[in-house]
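S.K.: Pasting structure24.cif below, which is mmCIF, C-alpha atoms and all ligand atoms.
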```cif
data_structure
#
loop_
_atom_site.group_PDB
_atom_site.id
_atom_site.type_symbol
_atom_site.label_atom_id
_atom_site.label_comp_id
_atom_site.auth_asym_id
_atom_site.auth_seq_id
_atom_site.Cartn_x
_atom_site.Cartn_y
_atom_site.Cartn_z
ATOM 1 C CA MET B 1 -16.403 9.011 -21.247
ATOM 2 C CA THR B 2 -14.010 6.813 -19.277
ATOM 3 C CA THR B 3 -11.727 7.829 -16.423
ATOM 4 C CA ALA B 4 -8.102 6.898 -15.747
ATOM 5 C CA LEU B 5 -6.345 7.385 -12.399
ATOM 6 C CA ILE B 6 -2.558 7.630 -12.517
ATOM 7 C CA THR B 7 -0.310 7.684 -9.451
ATOM 8 C CA GLY B 8 2.999 9.506 -9.717
ATOM 9 C CA ALA B 9 1.425 11.469 -12.553
ATOM 10 C CA THR B 10 3.535 14.622 -12.305
ATOM 11 C CA ALA B 11 6.837 13.348 -13.705
ATOM 12 C CA GLY B 12 8.493 10.759 -15.908
ATOM 13 C CA ILE B 13 6.562 7.625 -16.813
ATOM 14 C CA GLY B 14 3.407 8.647 -14.917
ATOM 15 C CA ALA B 15 3.267 12.013 -16.706
ATOM 16 C CA ALA B 16 3.656 10.167 -20.018
ATOM 17 C CA PHE B 17 0.713 7.882 -19.098
ATOM 18 C CA ALA B 18 -1.377 10.932 -18.172
ATOM 19 C CA ARG B 19 -0.561 12.680 -21.483
ATOM 20 C CA ARG B 20 -1.320 9.602 -23.551
ATOM 21 C CA LEU B 21 -4.547 8.635 -21.726
ATOM 22 C CA ALA B 22 -5.837 12.236 -21.900
ATOM 23 C CA ALA B 23 -4.945 12.402 -25.613
ATOM 24 C CA ASP B 24 -6.968 9.188 -26.076
ATOM 25 C CA GLY B 25 -10.000 10.973 -24.556
ATOM 26 C CA HIS B 26 -10.004 9.643 -20.985
ATOM 27 C CA ASP B 27 -10.829 11.991 -18.124
ATOM 28 C CA VAL B 28 -7.913 11.765 -15.708
ATOM 29 C CA VAL B 29 -7.367 11.738 -11.960
ATOM 30 C CA LEU B 30 -3.797 12.766 -11.232
ATOM 31 C CA VAL B 31 -2.172 11.605 -7.990
ATOM 32 C CA ALA B 32 1.175 12.684 -6.492
ATOM 33 C CA ARG B 33 2.370 14.715 -3.474
ATOM 34 C CA ASP B 34 3.148 18.082 -5.094
ATOM 35 C CA LEU B 35 -0.200 19.892 -5.391
ATOM 36 C CA LYS B 36 1.156 22.858 -7.368
ATOM 37 C CA ARG B 37 2.649 20.586 -9.986
ATOM 38 C CA LEU B 38 -0.537 18.478 -10.116
ATOM 39 C CA ARG B 39 -2.656 21.589 -10.741
ATOM 40 C CA GLU B 40 -0.354 22.838 -13.515
ATOM 41 C CA GLN B 41 -0.470 19.465 -15.205
ATOM 42 C CA ALA B 42 -4.262 19.188 -14.868
ATOM 43 C CA THR B 43 -4.706 22.618 -16.491
ATOM 44 C CA GLU B 44 -2.386 21.665 -19.341
ATOM 45 C CA LEU B 45 -4.174 18.352 -20.038
ATOM 46 C CA HIS B 46 -7.617 19.955 -19.807
ATOM 47 C CA ASP B 47 -6.660 22.817 -22.147
ATOM 48 C CA LYS B 48 -4.892 20.585 -24.659
ATOM 49 C CA HIS B 49 -7.264 17.615 -24.814
ATOM 50 C CA GLY B 50 -10.592 18.969 -23.480
ATOM 51 C CA VAL B 51 -10.831 16.239 -20.833
ATOM 52 C CA GLU B 52 -11.741 16.635 -17.149
ATOM 53 C CA ALA B 53 -8.565 16.540 -15.069
ATOM 54 C CA GLU B 54 -8.987 16.070 -11.323
ATOM 55 C CA VAL B 55 -6.106 16.311 -8.855
ATOM 56 C CA LEU B 56 -5.630 14.300 -5.692
ATOM 57 C CA ALA B 57 -2.599 15.207 -3.579
ATOM 58 C CA ALA B 58 -1.624 12.114 -1.621
ATOM 59 C CA ASP B 59 1.534 10.644 -0.149
ATOM 60 C CA LEU B 60 1.347 6.926 -0.879
ATOM 61 C CA SER B 61 3.867 6.177 1.853
ATOM 62 C CA ASP B 62 1.348 7.081 4.539
ATOM 63 C CA GLU B 63 -1.981 5.716 5.687
ATOM 64 C CA ASP B 64 -4.019 8.863 5.009
ATOM 65 C CA GLY B 65 -2.664 9.155 1.469
ATOM 66 C CA ILE B 66 -3.384 5.542 0.560
ATOM 67 C CA ALA B 67 -6.854 5.730 2.170
ATOM 68 C CA ALA B 68 -7.729 8.896 0.206
ATOM 69 C CA VAL B 69 -6.881 7.255 -3.130
ATOM 70 C CA GLU B 70 -8.674 4.031 -2.119
ATOM 71 C CA ALA B 71 -11.779 6.123 -1.375
ATOM 72 C CA ARG B 72 -11.617 7.801 -4.797
ATOM 73 C CA LEU B 73 -11.214 4.434 -6.540
ATOM 74 C CA SER B 74 -14.156 2.966 -4.617
ATOM 75 C CA ASP B 75 -16.564 5.816 -5.384
ATOM 76 C CA PRO B 76 -19.412 4.164 -7.323
ATOM 77 C CA LYS B 77 -20.698 7.542 -8.603
ATOM 78 C CA ASN B 78 -17.372 8.378 -10.292
ATOM 79 C CA PRO B 79 -16.023 5.044 -11.515
ATOM 80 C CA VAL B 80 -12.409 4.653 -12.568
ATOM 81 C CA ASP B 81 -11.946 2.476 -15.669
ATOM 82 C CA VAL B 82 -8.141 2.459 -15.893
ATOM 83 C CA LEU B 83 -5.722 2.516 -12.951
ATOM 84 C CA VAL B 84 -1.991 3.053 -13.400
ATOM 85 C CA ASN B 85 -0.058 2.314 -10.197
ATOM 86 C CA ASN B 86 3.131 4.072 -11.184
ATOM 87 C CA ALA B 87 4.378 6.108 -8.181
ATOM 88 C CA GLY B 88 7.767 4.882 -7.052
ATOM 89 C CA PHE B 89 11.325 5.835 -6.238
ATOM 90 C CA GLY B 90 14.816 4.522 -5.649
ATOM 91 C CA ASN B 91 16.792 4.791 -2.413
ATOM 92 C CA LYS B 92 20.362 6.035 -2.362
ATOM 93 C CA GLY B 93 22.660 3.228 -1.283
ATOM 94 C CA ARG B 94 22.993 -0.492 -0.976
ATOM 95 C CA PHE B 95 21.679 -2.885 1.681
ATOM 96 C CA LEU B 96 22.476 -1.599 5.202
ATOM 97 C CA GLU B 97 23.397 1.829 3.788
ATOM 98 C CA VAL B 98 19.711 2.784 3.516
ATOM 99 C CA SER B 99 17.820 3.539 6.730
ATOM 100 C CA MET B 100 15.169 1.048 7.793
ATOM 101 C CA ALA B 101 12.598 3.865 7.630
ATOM 102 C CA ASP B 102 13.405 4.424 3.931
ATOM 103 C CA GLU B 103 13.390 0.682 3.149
ATOM 104 C CA LEU B 104 9.924 0.378 4.739
ATOM 105 C CA LYS B 105 8.710 3.498 2.925
ATOM 106 C CA MET B 106 9.658 1.843 -0.353
ATOM 107 C CA LEU B 107 7.730 -1.313 0.536
ATOM 108 C CA THR B 108 4.702 0.814 1.465
ATOM 109 C CA VAL B 109 4.695 2.748 -1.833
ATOM 110 C CA HIS B 110 5.704 -0.133 -4.126
ATOM 111 C CA CYS B 111 3.776 -2.980 -2.452
ATOM 112 C CA GLU B 112 1.162 -1.959 0.150
ATOM 113 C CA ALA B 113 -0.198 0.958 -1.903
ATOM 114 C CA VAL B 114 -0.245 -1.155 -5.089
ATOM 115 C CA LEU B 115 -2.109 -3.986 -3.311
ATOM 116 C CA ARG B 116 -4.661 -1.665 -1.717
ATOM 117 C CA LEU B 117 -5.276 0.553 -4.755
ATOM 118 C CA THR B 118 -5.529 -2.406 -7.129
ATOM 119 C CA SER B 119 -8.029 -4.089 -4.794
ATOM 120 C CA ALA B 120 -10.106 -0.903 -4.399
ATOM 121 C CA ALA B 121 -10.236 -0.324 -8.163
ATOM 122 C CA VAL B 122 -10.792 -3.900 -9.269
ATOM 123 C CA ALA B 123 -13.763 -4.528 -6.956
ATOM 124 C CA GLY B 124 -15.844 -1.990 -8.923
ATOM 125 C CA MET B 125 -14.354 -2.963 -12.288
ATOM 126 C CA ARG B 126 -15.336 -6.594 -11.755
ATOM 127 C CA THR B 127 -18.917 -5.583 -10.937
ATOM 128 C CA ARG B 128 -19.047 -3.478 -14.114
ATOM 129 C CA GLY B 129 -17.393 -6.266 -16.134
ATOM 130 C CA ARG B 130 -14.630 -4.082 -17.556
ATOM 131 C CA GLY B 131 -11.488 -2.192 -16.614
ATOM 132 C CA GLY B 132 -7.713 -2.215 -16.774
ATOM 133 C CA VAL B 133 -4.871 -1.933 -14.262
ATOM 134 C CA VAL B 134 -1.220 -1.304 -15.117
ATOM 135 C CA ASN B 135 1.194 -1.845 -12.232
ATOM 136 C CA VAL B 136 4.572 -0.343 -13.035
ATOM 137 C CA ALA B 137 7.322 -2.737 -11.935
ATOM 138 C CA SER B 138 10.787 -2.851 -13.548
ATOM 139 C CA VAL B 139 13.178 -5.242 -15.259
ATOM 140 C CA ALA B 140 14.925 -5.066 -11.855
ATOM 141 C CA ALA B 141 12.212 -7.548 -10.807
ATOM 142 C CA PHE B 142 14.167 -10.277 -12.609
ATOM 143 C CA VAL B 143 17.623 -9.681 -11.122
ATOM 144 C CA PRO B 144 19.005 -9.555 -7.566
ATOM 145 C CA ARG B 145 18.891 -5.821 -6.818
ATOM 146 C CA GLY B 146 18.197 -4.978 -3.194
ATOM 147 C CA THR B 147 14.828 -3.975 -1.773
ATOM 148 C CA TYR B 148 14.006 -2.128 -5.001
ATOM 149 C CA GLY B 149 14.263 -5.259 -7.169
ATOM 150 C CA ALA B 150 12.520 -7.363 -4.511
ATOM 151 C CA SER B 151 9.595 -4.931 -4.300
ATOM 152 C CA LYS B 152 9.243 -4.914 -8.089
ATOM 153 C CA ALA B 153 9.383 -8.749 -8.157
ATOM 154 C CA TRP B 154 6.428 -8.642 -5.752
ATOM 155 C CA VAL B 155 4.572 -6.298 -8.153
ATOM 156 C CA VAL B 156 5.094 -8.742 -11.050
ATOM 157 C CA GLN B 157 4.042 -11.846 -9.081
ATOM 158 C CA PHE B 158 1.061 -10.129 -7.464
ATOM 159 C CA THR B 159 -0.205 -8.665 -10.736
ATOM 160 C CA GLN B 160 0.161 -11.830 -12.790
ATOM 161 C CA GLY B 161 -1.519 -13.867 -10.038
ATOM 162 C CA ALA B 162 -4.431 -11.428 -9.764
ATOM 163 C CA ALA B 163 -4.762 -11.318 -13.575
ATOM 164 C CA ARG B 164 -5.117 -15.092 -13.590
ATOM 165 C CA ASP B 165 -7.699 -15.018 -10.776
ATOM 166 C CA LEU B 166 -9.730 -12.423 -12.707
ATOM 167 C CA ALA B 167 -9.521 -14.112 -16.107
ATOM 168 C CA GLY B 168 -12.893 -13.946 -17.863
ATOM 169 C CA SER B 169 -14.168 -11.097 -15.645
ATOM 170 C CA GLY B 170 -13.538 -8.383 -18.250
ATOM 171 C CA VAL B 171 -10.852 -6.814 -16.028
ATOM 172 C CA ARG B 172 -7.262 -6.818 -17.296
ATOM 173 C CA LEU B 173 -4.230 -6.508 -15.050
ATOM 174 C CA MET B 174 -0.721 -6.071 -16.383
ATOM 175 C CA ALA B 175 2.711 -5.615 -14.816
ATOM 176 C CA LEU B 176 4.871 -3.214 -16.821
ATOM 177 C CA CYS B 177 8.627 -3.791 -16.647
ATOM 178 C CA PRO B 178 10.603 -0.887 -18.089
ATOM 179 C CA GLY B 179 14.365 -0.807 -18.451
ATOM 180 C CA PHE B 180 16.194 2.492 -17.912
ATOM 181 C CA VAL B 181 13.950 5.466 -18.759
ATOM 182 C CA ARG B 182 15.052 9.112 -18.770
ATOM 183 C CA THR B 183 12.946 10.645 -15.974
ATOM 184 C CA GLU B 184 13.585 12.338 -12.632
ATOM 185 C CA PHE B 185 14.034 8.916 -10.975
ATOM 186 C CA HIS B 186 17.844 8.664 -10.915
ATOM 187 C CA GLU B 187 18.456 12.262 -9.909
ATOM 188 C CA ARG B 188 15.898 12.042 -7.093
ATOM 189 C CA ALA B 189 17.612 8.889 -5.818
ATOM 190 C CA GLY B 190 21.072 10.464 -6.065
ATOM 191 C CA MET B 191 22.140 7.789 -8.554
ATOM 192 C CA GLY B 192 24.836 8.447 -11.097
ATOM 193 C CA THR B 193 23.946 7.329 -14.604
ATOM 194 C CA ASP B 194 27.373 7.611 -16.257
ATOM 195 C CA ASN B 195 27.865 3.844 -16.320
ATOM 196 C CA ILE B 196 24.578 3.203 -18.169
ATOM 197 C CA PRO B 197 25.264 2.910 -21.924
ATOM 198 C CA GLY B 198 23.234 5.199 -24.199
ATOM 199 C CA TRP B 199 21.531 2.298 -26.002
ATOM 200 C CA MET B 200 19.902 1.160 -22.739
ATOM 201 C CA TRP B 201 17.814 4.324 -22.308
ATOM 202 C CA LEU B 202 14.123 4.251 -23.276
ATOM 203 C CA ASP B 203 11.792 7.118 -24.111
ATOM 204 C CA ALA B 204 8.831 7.438 -21.695
ATOM 205 C CA ASP B 205 6.226 8.232 -24.382
ATOM 206 C CA LYS B 206 7.237 5.249 -26.550
ATOM 207 C CA LEU B 207 7.279 3.027 -23.471
ATOM 208 C CA VAL B 208 3.717 4.042 -22.591
ATOM 209 C CA ALA B 209 2.478 3.481 -26.166
ATOM 210 C CA SER B 210 3.871 -0.078 -26.116
ATOM 211 C CA ALA B 211 2.500 -0.717 -22.636
ATOM 212 C CA LEU B 212 -1.038 0.327 -23.564
ATOM 213 C CA ALA B 213 -0.866 -1.761 -26.749
ATOM 214 C CA ASP B 214 0.149 -4.769 -24.604
ATOM 215 C CA LEU B 215 -2.744 -4.081 -22.178
ATOM 216 C CA ASN B 216 -5.159 -4.039 -25.130
ATOM 217 C CA ARG B 217 -3.720 -7.353 -26.320
ATOM 218 C CA GLY B 218 -4.550 -8.839 -22.886
ATOM 219 C CA LYS B 219 -0.949 -9.414 -21.760
ATOM 220 C CA SER B 220 -0.334 -9.745 -18.020
ATOM 221 C CA LEU B 221 3.380 -8.871 -18.372
ATOM 222 C CA SER B 222 4.813 -6.184 -20.615
ATOM 223 C CA ILE B 223 8.529 -5.722 -21.285
ATOM 224 C CA PRO B 224 8.503 -2.981 -23.916
ATOM 225 C CA ASP B 225 11.288 -2.685 -26.466
ATOM 226 C CA PRO B 226 13.121 -5.490 -28.303
ATOM 227 C CA ARG B 227 16.427 -4.611 -26.563
ATOM 228 C CA TYR B 228 15.006 -5.440 -23.143
ATOM 229 C CA LYS B 229 12.996 -8.434 -24.384
ATOM 230 C CA ALA B 230 16.299 -9.909 -25.646
ATOM 231 C CA LEU B 231 18.151 -8.984 -22.433
ATOM 232 C CA MET B 232 15.479 -10.562 -20.240
ATOM 233 C CA GLY B 233 15.668 -13.711 -22.408
ATOM 234 C CA ILE B 234 19.405 -13.886 -21.587
ATOM 235 C CA VAL B 235 18.704 -13.140 -17.896
ATOM 236 C CA LYS B 236 16.420 -16.203 -17.705
ATOM 237 C CA LEU B 237 19.291 -18.429 -18.846
ATOM 238 C CA ALA B 238 22.198 -16.750 -17.027
ATOM 239 C CA PRO B 239 23.605 -18.148 -13.746
ATOM 240 C CA ARG B 240 22.227 -16.260 -10.722
ATOM 241 C CA GLY B 241 25.731 -15.418 -9.391
ATOM 242 C CA LEU B 242 26.750 -13.747 -12.640
ATOM 243 C CA LEU B 243 23.489 -11.804 -12.763
ATOM 244 C CA GLY B 244 23.991 -10.503 -9.241
ATOM 245 C CA GLY B 245 27.491 -9.264 -10.154
ATOM 246 C CA VAL B 246 26.257 -7.324 -13.187
ATOM 247 C CA SER B 247 23.010 -5.973 -11.726
ATOM 248 C CA ALA B 248 24.660 -4.858 -8.488
ATOM 249 C CA LYS B 249 26.719 -2.372 -10.540
ATOM 250 C CA ALA B 250 24.526 -1.087 -13.421
ATOM 251 C CA GLY B 251 22.915 2.242 -12.527
ATOM 252 C CA ARG B 252 23.973 1.932 -8.892
ATOM 253 C CA SER B 253 26.763 4.454 -8.594
ATOM 254 C CA TYR B 254 25.572 6.817 -5.901
ATOM 255 C CA GLY B 255 26.758 10.415 -6.102
ATOM 256 C CA PRO B 256 27.697 12.564 -3.128
ATOM 257 C CA ASN B 257 24.260 14.257 -2.944
HETATM 258 N N1 LIG U 301 13.105 5.663 -14.697
HETATM 259 C C1 LIG U 301 13.480 4.391 -14.784
HETATM 260 O O1 LIG U 301 14.592 4.072 -15.282
HETATM 261 C C2 LIG U 301 12.543 3.305 -14.303
HETATM 262 C C3 LIG U 301 12.815 1.996 -14.706
HETATM 263 C C4 LIG U 301 11.978 0.968 -14.299
HETATM 264 C C5 LIG U 301 10.891 1.240 -13.505
HETATM 265 N N2 LIG U 301 10.652 2.512 -13.098
HETATM 266 C C6 LIG U 301 9.477 2.736 -12.242
HETATM 267 O O2 LIG U 301 8.616 3.651 -12.887
HETATM 268 C C7 LIG U 301 7.828 4.341 -11.926
HETATM 269 C C8 LIG U 301 7.876 5.828 -12.216
HETATM 270 O O3 LIG U 301 9.230 6.255 -12.101
HETATM 271 P P1 LIG U 301 9.819 7.500 -12.908
HETATM 272 O O4 LIG U 301 11.085 7.042 -13.499
HETATM 273 O O5 LIG U 301 8.799 8.095 -13.782
HETATM 274 O O6 LIG U 301 10.180 8.454 -11.667
HETATM 275 P P2 LIG U 301 10.036 10.047 -11.457
HETATM 276 O O7 LIG U 301 10.295 10.782 -12.722
HETATM 277 O O8 LIG U 301 10.916 10.346 -10.281
HETATM 278 O O9 LIG U 301 8.497 10.245 -11.050
HETATM 279 C C9 LIG U 301 8.008 9.689 -9.864
HETATM 280 C C10 LIG U 301 6.565 10.121 -9.644
HETATM 281 O O10 LIG U 301 6.069 9.458 -8.478
HETATM 282 C C11 LIG U 301 5.570 10.440 -7.545
HETATM 283 N N3 LIG U 301 5.835 9.932 -6.199
HETATM 284 C C12 LIG U 301 7.025 9.586 -5.660
HETATM 285 N N4 LIG U 301 6.866 9.204 -4.380
HETATM 286 C C13 LIG U 301 5.541 9.309 -4.101
HETATM 287 C C14 LIG U 301 4.757 9.088 -2.937
HETATM 288 N N5 LIG U 301 5.302 8.714 -1.773
HETATM 289 N N6 LIG U 301 3.416 9.271 -3.018
HETATM 290 C C15 LIG U 301 2.842 9.690 -4.184
HETATM 291 N N7 LIG U 301 3.538 9.928 -5.301
HETATM 292 C C16 LIG U 301 4.876 9.755 -5.258
HETATM 293 C C17 LIG U 301 6.323 11.735 -7.889
HETATM 294 O O11 LIG U 301 5.606 12.921 -7.577
HETATM 295 P P3 LIG U 301 5.728 13.698 -6.150
HETATM 296 O O12 LIG U 301 7.180 13.811 -5.825
HETATM 297 O O13 LIG U 301 5.035 15.013 -6.357
HETATM 298 O O14 LIG U 301 4.972 12.854 -5.172
HETATM 299 C C18 LIG U 301 6.405 11.607 -9.417
HETATM 300 O O15 LIG U 301 5.195 12.039 -9.990
HETATM 301 C C19 LIG U 301 8.399 3.947 -10.553
HETATM 302 O O16 LIG U 301 7.564 2.970 -9.971
HETATM 303 C C20 LIG U 301 9.756 3.360 -10.887
HETATM 304 O O17 LIG U 301 10.173 2.405 -9.938
HETATM 305 C C21 LIG U 301 11.447 3.562 -13.479
#
```
Kindly return the structure encoded in the file as structure tokens.
Ligand SMILES: NC(=O)c1ccc[n+]([C@@H]2O[C@H](COP(=O)([O-])OP(=O)(O)OC[C@H]3O[C@@H](n4cnc5c(N)ncnc54)[C@H](OP(=O)(O)O)[C@@H]3O)[C@@H](O)[C@H]2O)c1
M.R.:
Amino acid sequence: MTTALITGATAGIGAAFARRLAADGHDVVLVARDLKRLREQATELHDKHGVEAEVLAADLSDEDGIAAVEARLSDPKNPVDVLVNNAGFGNKGRFLEVSMADELKMLTVHCEAVLRLTSAAVAGMRTRGRGGVVNVASVAAFVPRGTYGASKAWVVQFTQGAARDLAGSGVRLMALCPGFVRTEFHERAGMGTDNIPGWMWLDADKLVASALADLNRGKSLSIPDPRYKALMGIVKLAPRGLLGGVSAKAGRSYGPN
């Protein structure tokens, strides 16, 4: 039996990873802050798929939370074979409208936690000669889009660099770059979604199926869905100024709450 640890496992994309990995027969370790929700989800996955489902309540924006998950990933008696660094969030507002504390919190969750958890997991995976890590970035990594896009660009560069360094070790690392996915993300960030056309929305379960297929193929970068593959092809060729104008608007209307 293999074990998968998923951060941000209680909602959206992380919950879809947990469902899919449990359905595939992996024991799961579910990480997020809300213990009640974690326990409910663990019970559901255990009852439905007969796998062991462990919960680990941790806030990945603070030292104790990151250290607790690092410790679980480093435990040689209970090895983790698949790590999904998925926990993340958006801040409400543009540059200088977001408090410095919230900007730094985002960098801690999106970058520091991803660096530390990947390192903790991969050390054991390399010794065992097998394992997989999916770091959830975003297509925002490829366009100018505030601290959020910058943090996701870091996730892509870090993951692809580490994947190259570990080539031949049996450990696979992949950055996953979703487009817009219907989850709790936008509501939590107080973002309006009215200006996002219907065709741009992806389904979390389909996204996860494509991502895991890409991980199995040995890709270090996954942009699921032909719509976004085509869009990112255009983004590569488009002038930076034009890109900034478009990306600064899409999905960035912030509601009153
Ligand atoms: N939805 C999109 O359109 C979209 C597009 C591209 C990329 N992404 C990326 O996909 C990932 C998942 O987003 P989602 O859309 O699934 O969001 P979501 O539905 O809001 O779920 C976020 C998950 O992360 C957990 N989380 C948030 N902050 C945390 C913290 N400080 N410590 C530990 N866990 C934390 C939440 O649980 P608790 O609140 O209980 O901690 C929840 O389980 C993020 O990295 C996001 O940037 C999303």
S.K.: Residues within 8 Å of range 76-87 of chain B, please, as a PyMOL selection string. Count only C-alpha atoms; anything in the same chain fewer than 3 positions from it doesn't count.
M.R.: chain B and resi 2-9+13-14+17+32+60+72-73+109-110+114+117-118+121+124-125+130-136
S.K.: For a cutoff of 7 Å around the file-coordinate point (-16.9, -11.3, -13.0), which residues qualify once you count only C-alpha atoms? I'd like the result as a ChimeraX atom specification.
M.R.: /B:126-127,129,168-170
S.K.: Which residues are close to Arg164 in chain B, i.e. within 9 Å by only C-alpha atoms, leaving aside same-chain residues fewer than 4 positions away? Reply as a compact mmCIF listing (two decimals) with C-alpha atoms, in the coordinates of the input.
M.R.:
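Done, and the output landed in selection16.txt:
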```
# COMPACT_ATOMS: atom_id res chain seq x y z
CA THR B 159 -0.20 -8.66 -10.74
CA GLN B 160 0.16 -11.83 -12.79
CA GLY B 168 -12.89 -13.95 -17.86
CA LEU B 173 -4.23 -6.51 -15.05
CA SER B 220 -0.33 -9.74 -18.02
```
S.K.: I need the residue nearest ligand LIG 301 (chain U) from this list: B:Glu187, B:Glu63, B:Asp27, B:Asp205. Use all atoms listed in the file for the distance.
M.R.: B:Glu187
S.K.: For the PyMOL selection byres (((chain B and resi 153) around 8) and not hetatm), applied here, can you spell out every residue it catches as a ChimeraX atom specification?
M.R.: /B:137,140-142,149-152,154-157
S.K.: Keeping only C-alpha atoms, write those residues as a PDB file, in the coordinates of the input.
M.R.:
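New file out.pdb:
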```pdb
ATOM      1  CA  ALA B 137       7.322  -2.737 -11.935  1.00  0.00           C
ATOM      2  CA  ALA B 140      14.925  -5.066 -11.855  1.00  0.00           C
ATOM      3  CA  ALA B 141      12.212  -7.548 -10.807  1.00  0.00           C
ATOM      4  CA  PHE B 142      14.167 -10.277 -12.609  1.00  0.00           C
ATOM      5  CA  GLY B 149      14.263  -5.259  -7.169  1.00  0.00           C
ATOM      6  CA  ALA B 150      12.520  -7.363  -4.511  1.00  0.00           C
ATOM      7  CA  SER B 151       9.595  -4.931  -4.300  1.00  0.00           C
ATOM      8  CA  LYS B 152       9.243  -4.914  -8.089  1.00  0.00           C
ATOM      9  CA  TRP B 154       6.428  -8.642  -5.752  1.00  0.00           C
ATOM     10  CA  VAL B 155       4.572  -6.298  -8.153  1.00  0.00           C
ATOM     11  CA  VAL B 156       5.094  -8.742 -11.050  1.00  0.00           C
ATOM     12  CA  GLN B 157       4.042 -11.846  -9.081  1.00  0.00           C
TER      13      GLN B 157
END
```
S.K.: Pick the closest to Ile66 in chain B from B:Arg116, B:Arg33, B:Arg20, B:Arg217: which is it, counting all atoms listed in the file?
M.R.: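 Looking at the shortest contact to Ile66 in chain B, the residue is B:Arg116.
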